[in-house]
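Have a look at the structure below, then the notes.
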Number of protein chains: 2
Amino acid sequence: MCELLAMSANVPTDICFSFTGLMQRGGNTGPHKDGWGITFYEGKGCRSFKDPEPSAHSRIAELVTDYPIKSESVICHIRQANSGAVCLENTHPFIRQMWGRNWTYAHNGQLKAFTEELPVKAHVPVGTTDSEHAFCWILDQLHYKFGAERPETETLYRFIALSARKINSLGVFNLILTDGEYLFAFCSNNIHWITRKAPFGEAKLIDAEVVVDFKQETTIDDVVTVIATQPLTNNEQWHKMVPEQWHLFYKGKTVLKGDTEQGA
Amino acid sequence: MCELLAMSANVPTDICFSFTGLMQRGGNTGPHKDGWGITFYEGKGCRSFKDPEPSAHSRIAELVTDYPIKSESVICHIRQANSGAVCLENTHPFIRQMWGRNWTYAHNGQLKAFTEELPVKAHVPVGTTDSEHAFCWILDQLHYKFGAERPETETLYRFIALSARKINSLGVFNLILTDGEYLFAFCSNNIHWITRKAPFGEAKLIDAEVVVDFKQETTIDDVVTVIATQPLTNNEQWHKMVPEQWHLFYKGKTVLKGDTEQGA
């Protein structure tokens, strides 16, 4: 499978600490050695670093670990290939434009019969993964449902949640998706999240000998949520999402959520 | 204005030498200090490095200079802002998907009345530059003209050349555009190109104390074309394109070209 990492914050924040832990799982403490990628938003703009090489041994990952890019929204993915060859066009995150925003998407899981069940037309995949195909299908659905105008936020994300549930019926579909402003997470079987805010404390990585004291790094108003497939620290309380639960984060806080019982 | 750099090659080739020269013009030997970006293709996949910081002092540019990514198609841009603020969403190259390919675009020049003269609908800009707006307009034109199917190559690029001429009538529009396979260059007033092939010789950068002996770096079958706003070396013969001339390169060679007299 793969591992996901995302961040939503109310102030531009670097993700060096969390990324330091995650990248070790790409060929060192974990088996996700089939490429990695990370996308940082700065306003509406975003930039990505991608490498089909294992993150634990990637010079580009080393730069990202060491170079604090301040961002309010980040999406990151390390890959263990199960659908589609190991190559750059199959490396997450995937970015496409809609309604004048950059949409960034990463998926963990595996889908069956996706080409038959999720026909795409307006948005055509470049690579061969189930993941990118499902992203194109979501964008097609948004395009057909809402046309040229972005609907209001609750309508939009409840529809995205419905689309995610449909895709999830084809297998395992843990999803993180952002337009740089909102961050959407859908749990198929494995997503954890934590919100850090005052009073800040120390955090200790599981995958590397690194401890950070967030008190030294933050102000009292900072709110930062980190989402990951598996917890990245072992001295903090992470929330585990339940299957088909979803959260919409905005500036570090949950602003909308749902699960199976409530309907999406 | 800005400076453009592109490469088309018949074997995966690194662009470290040319990039080393160009990056100096971003705040050192040239005034193009308002950000830079470079996109490398590996097959259908591509990855970009972007920075709103001056390239001459960018740690990411330092990595790119020093880390030989082998690619058959590259597009690079260093920016001196004239339309749109200095920020990440206004930093070239711009990448969008069409017909299952990643299309990468960079522009040098300035356009007047572009919002009125180049209405966009299906492809909406994220940032505020004339450049990205013109890219969206080209994609809209392709979408309306050809729909869901890519036409054959000559039809496609003659139509793109016509679109470029229309945009050029609004000001200055030097363009480089690639889908990773073909590389299209349109000259408004300033584009140079050079094809390097056997027998290879030495090349000496204008902007840095660097000499490379391509004989040591190549095989006899390699064909590599480099396109740049201004020549990057001072001991080789660069071709200067004339206004409204365009070239389509494929694996380092010109496969189609046109100019005003011939019609696009």
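In the structure tokens, chains take letters A, B, ... by order of appearance, with residues numbered from 1 within each chain and ligands from 1 in the order shown.
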
Could you please tell me, as a PyMOL selection string, which residues of chain B have an atom within 9 Å of chain A when using only C-alpha atoms? chain B and resi 41-51+59-60+63+67+87-91+95-102+121-127+148

Within 12 Å of Thr195 of chain A using only C-alpha atoms, minus same-chain residues under 2 positions, as a PyMOL selection string: chain A and resi 6-10+192-193+197-200+222-228+236-239+249-254

Selection export as a JSON list (two decimals), in the first residue's frame, atoms kept: N, CA and C atoms:
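Printed below is part_24.json as written:
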```json
[["chain", "number", "residue", "atom", "x", "y", "z"],
["A", 6, "ALA", "N", -0.70, 14.74, 5.47],
["A", 6, "ALA", "CA", -1.25, 16.03, 5.06],
["A", 6, "ALA", "C", -1.21, 16.98, 6.24],
["A", 7, "MET", "N", -1.29, 18.27, 5.93],
["A", 7, "MET", "CA", -1.31, 19.27, 6.98],
["A", 7, "MET", "C", -2.27, 20.39, 6.61],
["A", 8, "SER", "N", -3.00, 20.87, 7.61],
["A", 8, "SER", "CA", -3.84, 22.06, 7.46],
["A", 8, "SER", "C", -3.51, 22.96, 8.65],
["A", 9, "ALA", "N", -3.18, 24.22, 8.38],
["A", 9, "ALA", "CA", -2.74, 25.11, 9.47],
["A", 9, "ALA", "C", -3.31, 26.51, 9.27],
["A", 10, "ASN", "N", -3.44, 27.24, 10.37],
["A", 10, "ASN", "CA", -3.96, 28.61, 10.27],
["A", 10, "ASN", "C", -2.86, 29.64, 10.09],
["A", 192, "HIS", "N", -5.28, 8.59, 10.50],
["A", 192, "HIS", "CA", -5.18, 9.18, 11.83],
["A", 192, "HIS", "C", -4.96, 10.69, 11.70],
["A", 193, "TRP", "N", -5.38, 11.41, 12.72],
["A", 193, "TRP", "CA", -5.11, 12.85, 12.69],
["A", 193, "TRP", "C", -4.90, 13.37, 14.11],
["A", 197, "LYS", "N", -2.32, 22.59, 19.24],
["A", 197, "LYS", "CA", -2.59, 24.00, 19.52],
["A", 197, "LYS", "C", -2.11, 24.27, 20.95],
["A", 198, "ALA", "N", -2.20, 25.50, 21.39],
["A", 198, "ALA", "CA", -1.71, 25.83, 22.74],
["A", 198, "ALA", "C", -2.56, 25.09, 23.78],
["A", 199, "PRO", "N", -2.00, 24.62, 24.89],
["A", 199, "PRO", "CA", -0.56, 24.65, 25.18],
["A", 199, "PRO", "C", 0.20, 23.57, 24.40],
["A", 200, "PHE", "N", 1.23, 24.00, 23.68],
["A", 200, "PHE", "CA", 2.02, 23.06, 22.89],
["A", 200, "PHE", "C", 2.99, 22.29, 23.77],
["A", 222, "ASP", "N", -1.54, 29.54, 17.08],
["A", 222, "ASP", "CA", -1.36, 28.56, 16.00],
["A", 222, "ASP", "C", -2.24, 27.33, 16.20],
["A", 223, "VAL", "N", -2.84, 26.90, 15.10],
["A", 223, "VAL", "CA", -3.59, 25.63, 15.10],
["A", 223, "VAL", "C", -3.11, 24.84, 13.88],
["A", 224, "VAL", "N", -2.59, 23.66, 14.13],
["A", 224, "VAL", "CA", -2.01, 22.86, 13.05],
["A", 224, "VAL", "C", -2.53, 21.43, 13.16],
["A", 225, "THR", "N", -3.19, 20.96, 12.13],
["A", 225, "THR", "CA", -3.63, 19.57, 12.10],
["A", 225, "THR", "C", -2.76, 18.77, 11.13],
["A", 226, "VAL", "N", -2.34, 17.62, 11.60],
["A", 226, "VAL", "CA", -1.56, 16.70, 10.76],
["A", 226, "VAL", "C", -2.37, 15.42, 10.60],
["A", 227, "ILE", "N", -2.44, 14.95, 9.38],
["A", 227, "ILE", "CA", -3.19, 13.73, 9.04],
["A", 227, "ILE", "C", -2.18, 12.73, 8.50],
["A", 228, "ALA", "N", -2.27, 11.50, 8.91],
["A", 228, "ALA", "CA", -1.32, 10.50, 8.43],
["A", 228, "ALA", "C", -1.97, 9.12, 8.45],
["A", 236, "GLU", "N", 2.01, 11.29, 21.74],
["A", 236, "GLU", "CA", 0.85, 12.17, 21.58],
["A", 236, "GLU", "C", -0.36, 11.29, 21.27],
["A", 237, "GLN", "N", -1.55, 11.85, 21.49],
["A", 237, "GLN", "CA", -2.78, 11.10, 21.23],
["A", 237, "GLN", "C", -3.31, 11.41, 19.83],
["A", 238, "TRP", "N", -3.23, 10.48, 18.93],
["A", 238, "TRP", "CA", -3.78, 10.65, 17.58],
["A", 238, "TRP", "C", -5.21, 10.11, 17.54],
["A", 239, "HIS", "N", -6.07, 10.74, 16.78],
["A", 239, "HIS", "CA", -7.42, 10.23, 16.56],
["A", 239, "HIS", "C", -7.41, 9.27, 15.38],
["A", 249, "PHE", "N", -11.12, 19.97, 6.88],
["A", 249, "PHE", "CA", -10.33, 20.88, 7.72],
["A", 249, "PHE", "C", -10.16, 22.22, 7.00],
["A", 250, "TYR", "N", -10.16, 23.27, 7.81],
["A", 250, "TYR", "CA", -9.94, 24.62, 7.27],
["A", 250, "TYR", "C", -9.11, 25.36, 8.30],
["A", 251, "LYS", "N", -7.95, 25.80, 7.89],
["A", 251, "LYS", "CA", -7.03, 26.50, 8.80],
["A", 251, "LYS", "C", -6.78, 25.69, 10.08],
["A", 252, "GLY", "N", -6.65, 24.39, 9.93],
["A", 252, "GLY", "CA", -6.27, 23.54, 11.06],
["A", 252, "GLY", "C", -7.43, 22.96, 11.84],
["A", 253, "LYS", "N", -8.64, 23.45, 11.58],
["A", 253, "LYS", "CA", -9.79, 22.98, 12.36],
["A", 253, "LYS", "C", -10.78, 22.20, 11.50],
["A", 254, "THR", "N", -11.46, 21.24, 12.13],
["A", 254, "THR", "CA", -12.54, 20.53, 11.45],
["A", 254, "THR", "C", -13.74, 21.48, 11.31]]
```

Give me the residues within 10 Å of Leu4 of chain B as a compact mmCIF listing (two decimals) with C-alpha atoms, in the first residue's frame, counting only C-alpha atoms and dropping any in the same chain fewer than 2 places off.
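Okay, this is what ended up in selection31.txt:
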```txt
# COMPACT_ATOMS: atom_id res chain seq x y z
CA CYS B 2 11.79 36.90 -18.59
CA ALA B 6 13.97 24.42 -23.22
CA LEU B 22 20.57 30.56 -17.00
CA TRP B 36 11.95 30.59 -11.58
CA ILE B 38 11.83 24.08 -14.41
CA ILE B 75 11.05 23.64 -20.02
CA CYS B 76 12.50 26.34 -17.78
CA HIS B 77 11.70 29.96 -17.05
CA ILE B 78 13.21 32.73 -14.96
CA ARG B 79 10.91 35.61 -14.32
CA HIS B 92 6.15 29.50 -14.68
CA PRO B 93 6.11 26.89 -16.09
CA ALA B 106 6.25 29.08 -20.42
CA HIS B 107 5.98 32.56 -21.93
CA ASN B 108 8.29 35.52 -22.34
CA ASN B 174 7.63 34.16 -27.13
CA LEU B 175 6.35 30.71 -26.28
CA ILE B 176 7.70 27.28 -25.41
CA ASN B 190 13.59 36.73 -29.16
CA ILE B 191 14.28 33.02 -29.34
CA HIS B 192 17.54 31.28 -30.18
CA ILE B 227 16.25 26.71 -27.01
CA ALA B 228 16.84 29.93 -25.10
CA THR B 229 15.81 33.56 -25.15
CA GLN B 230 19.47 34.56 -25.53
```

Quick one: everything within 10 Å of Asp259 of chain B, counting only C-alpha atoms, minus sequence neighbours fewer than 6 positions away in the same chain. Send it as JSON, numbers by chain. {"B": [161, 165, 186, 187, 241, 242, 243, 244, 245, 246, 247]}

If I take atom CA of Glu132 of chain B and atom CA of Ala56 of chain B, how far is one from the other in Å, to one decimal? 24.0 Å

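Residues of segment 13-70 of chain A carrying a DSSP assignment of helix (DSSP H, G or I), computed from the backbone, are Cys16, Phe17, Ser18, Phe19, Thr20, Gly21, Leu22, Met23, Gln24, Ser55, Ala56, His57, Arg59, Ile60, Ala61, Glu62, Leu63, Val64, Thr65 and Asp66 of chain A.
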